[in-house]
Every structure is written in structure tokens, then in C-alpha cells.
Amino acid sequence: MRLFAYNSPSLMAESTETLSLKEFQLHDEDTGSADVQVALLTRRIEHLTEHLKSNAKDHSSRRGLLKMVAQRRSLLDYLNRSQADRYKKLIDKLNLRK
């Protein structure tokens, strides 16, 4: 009987999503700054938008999408108030409207 260790570092390759996240981090261990949170929410919003194009009657997912959009908006508003230069860079990187 052979057991696979799925959490072993040799079997896990870094995905493209993980690599793109590094450009939003303020330092190596950064996972909670507003920049990173907005980038993660944007990726999830894009994924869910594609899902809803083919599943138009999935209202619970639509509700979750609206909550994510509102959360991203509040994080972007916070960044705009506190650090406008980081806000502008983030908007440009993610191709979001102001």
C-alpha cells in the first residue's frame, strides 16, 4: 500500500495565482494588508463572475459576489483615505475603475 503525502513540499508546485500575489505584498510574510486582500477578492470576484455567466439562477453565489464587491470597495476606500499612492498603484495593477 502506497501513501501519498499531498502536503509535502516536493509535490506542491506554486500556482500562478500565488506568484502573482507576491507583487501586492508589502513584505515576505504579508497576507493581511489591504493590498493583498483586495487582490485576493478581485481574483475571487472574477472567478465567481465567470461562474454566474453560465449559472444565472445561482442566487446564493450572486449574494456572495455582492458581499465580496462591497468588502473590496470598503478596503479600497480605506486605502484611498489613508495612503492614496498605494491606492492608485493598486487600481492600476488590477485594472479597476476608480
# chains A, B, ... in the order shown; residues from 1 in each chain; ligands from 1
>>> select_by_dssp(residues="chain A", states="alpha helix (DSSP H)", output="PyMOL selection string")
chain A and resi 16-21+34-54+59-82+84-94
>>> residues_around(residues="Asp35 (chain A)", least_positions_apart="3", cutoff="7 Å", atoms="only C-alpha atoms", output="list of chain:residue names")
A:Phe24, A:Val38, A:Ala39, A:Leu90
>>> write_last_selection(atoms="N, CA and C atoms", output="PDB file, in the first residue's frame")
ATOM      1  N   PHE A  24       1.812  42.179  -4.714  1.00  0.00           N
ATOM      2  CA  PHE A  24       0.976  43.032  -3.878  1.00  0.00           C
ATOM      3  C   PHE A  24       1.420  43.049  -2.420  1.00  0.00           C
ATOM      4  N   VAL A  38      -7.385  43.008  -1.262  1.00  0.00           N
ATOM      5  CA  VAL A  38      -8.074  43.473  -2.473  1.00  0.00           C
ATOM      6  C   VAL A  38      -7.708  42.583  -3.659  1.00  0.00           C
ATOM      7  N   ALA A  39      -6.438  42.194  -3.760  1.00  0.00           N
ATOM      8  CA  ALA A  39      -6.022  41.328  -4.863  1.00  0.00           C
ATOM      9  C   ALA A  39      -6.714  39.964  -4.778  1.00  0.00           C
ATOM     10  N   LEU A  90      -2.453  50.236  -6.833  1.00  0.00           N
ATOM     11  CA  LEU A  90      -3.265  49.019  -6.786  1.00  0.00           C
ATOM     12  C   LEU A  90      -4.353  49.048  -7.856  1.00  0.00           C
TER      13      LEU A  90
END
>>> residues_around(residues="His47 (chain A)", least_positions_apart="5", cutoff="12 Å", atoms="only C-alpha atoms", output="ChimeraX atom specification")
/A:40-42,52-54,61-62,65,68
>>> residues_around(residues="region 71-75 of chain A", least_positions_apart="4", cutoff="12 Å", atoms="only C-alpha atoms", output="compact mmCIF listing (two decimals) with N, CA and C atoms, in the first residue's frame")
# COMPACT_ATOMS: atom_id res chain seq x y z
N GLY A 32 -2.14 39.92 5.06
CA GLY A 32 -3.34 40.59 5.53
C GLY A 32 -3.44 42.06 5.23
N SER A 33 -2.48 42.63 4.52
CA SER A 33 -2.58 44.05 4.21
C SER A 33 -3.74 44.28 3.26
N ALA A 34 -4.21 45.51 3.21
CA ALA A 34 -5.35 45.83 2.36
C ALA A 34 -5.05 45.52 0.90
N ASP A 35 -3.81 45.74 0.47
CA ASP A 35 -3.43 45.47 -0.93
C ASP A 35 -3.64 43.99 -1.27
N VAL A 36 -3.16 43.12 -0.40
CA VAL A 36 -3.27 41.68 -0.64
C VAL A 36 -4.72 41.24 -0.59
N GLN A 37 -5.48 41.77 0.39
CA GLN A 37 -6.88 41.40 0.50
C GLN A 37 -7.66 41.81 -0.74
N VAL A 38 -7.39 43.01 -1.26
CA VAL A 38 -8.07 43.47 -2.47
C VAL A 38 -7.71 42.58 -3.66
N ALA A 39 -6.44 42.19 -3.76
CA ALA A 39 -6.02 41.33 -4.86
C ALA A 39 -6.71 39.96 -4.78
N LEU A 40 -6.79 39.39 -3.58
CA LEU A 40 -7.47 38.11 -3.41
C LEU A 40 -8.96 38.22 -3.73
N LEU A 41 -9.59 39.28 -3.23
CA LEU A 41 -11.01 39.47 -3.51
C LEU A 41 -11.26 39.67 -5.00
N THR A 42 -10.37 40.38 -5.67
CA THR A 42 -10.53 40.60 -7.11
C THR A 42 -10.47 39.28 -7.86
N ARG A 43 -9.53 38.41 -7.48
CA ARG A 43 -9.42 37.10 -8.13
C ARG A 43 -10.69 36.28 -7.90
N ARG A 44 -11.20 36.29 -6.66
CA ARG A 44 -12.41 35.53 -6.35
C ARG A 44 -13.63 36.11 -7.07
N ILE A 45 -13.69 37.44 -7.17
CA ILE A 45 -14.80 38.09 -7.87
C ILE A 45 -14.79 37.72 -9.34
N GLY A 64 -23.17 36.21 -2.48
CA GLY A 64 -21.79 36.19 -2.02
C GLY A 64 -20.91 37.11 -2.85
N LEU A 65 -21.17 37.16 -4.15
CA LEU A 65 -20.42 38.05 -5.03
C LEU A 65 -20.63 39.51 -4.64
N LEU A 66 -21.88 39.88 -4.37
CA LEU A 66 -22.17 41.26 -3.97
C LEU A 66 -21.50 41.61 -2.65
N LYS A 67 -21.45 40.65 -1.73
CA LYS A 67 -20.78 40.91 -0.45
C LYS A 67 -19.28 41.10 -0.66
N LEU A 79 -7.94 52.48 1.75
CA LEU A 79 -6.63 52.77 1.16
C LEU A 79 -6.60 54.17 0.56
N ASN A 80 -7.67 54.57 -0.08
CA ASN A 80 -7.73 55.90 -0.69
C ASN A 80 -7.62 56.99 0.38
N ARG A 81 -8.29 56.78 1.51
CA ARG A 81 -8.23 57.75 2.60
C ARG A 81 -6.86 57.80 3.27
N SER A 82 -6.28 56.62 3.51
CA SER A 82 -5.06 56.57 4.32
C SER A 82 -3.78 56.71 3.50
N GLN A 83 -3.69 56.02 2.36
CA GLN A 83 -2.47 56.03 1.56
C GLN A 83 -2.84 56.05 0.08
N ARG A 86 -0.56 54.22 -2.67
CA ARG A 86 -0.75 52.76 -2.75
C ARG A 86 -2.08 52.44 -3.43
N TYR A 87 -3.10 53.23 -3.15
CA TYR A 87 -4.41 53.04 -3.78
C TYR A 87 -4.30 53.17 -5.29
N LEU A 90 -2.45 50.24 -6.83
CA LEU A 90 -3.27 49.02 -6.79
C LEU A 90 -4.35 49.05 -7.86
N ILE A 91 -4.99 50.18 -8.03
CA ILE A 91 -6.03 50.33 -9.05
C ILE A 91 -5.44 50.07 -10.44
N LEU A 96 -8.82 48.26 -12.22
CA LEU A 96 -10.14 48.54 -11.65
C LEU A 96 -10.51 49.98 -11.94
N ARG A 97 -11.81 50.24 -11.95
CA ARG A 97 -12.27 51.61 -12.11
C ARG A 97 -12.17 52.33 -10.78
N LYS A 98 -12.06 53.64 -10.83
CA LYS A 98 -11.96 54.42 -9.59
C LYS A 98 -13.30 54.64 -8.97
>>> atom_distance(atom1="CA of Asn55 (chain A)", atom2="CA of Ala70 (chain A)")
21.5 Å
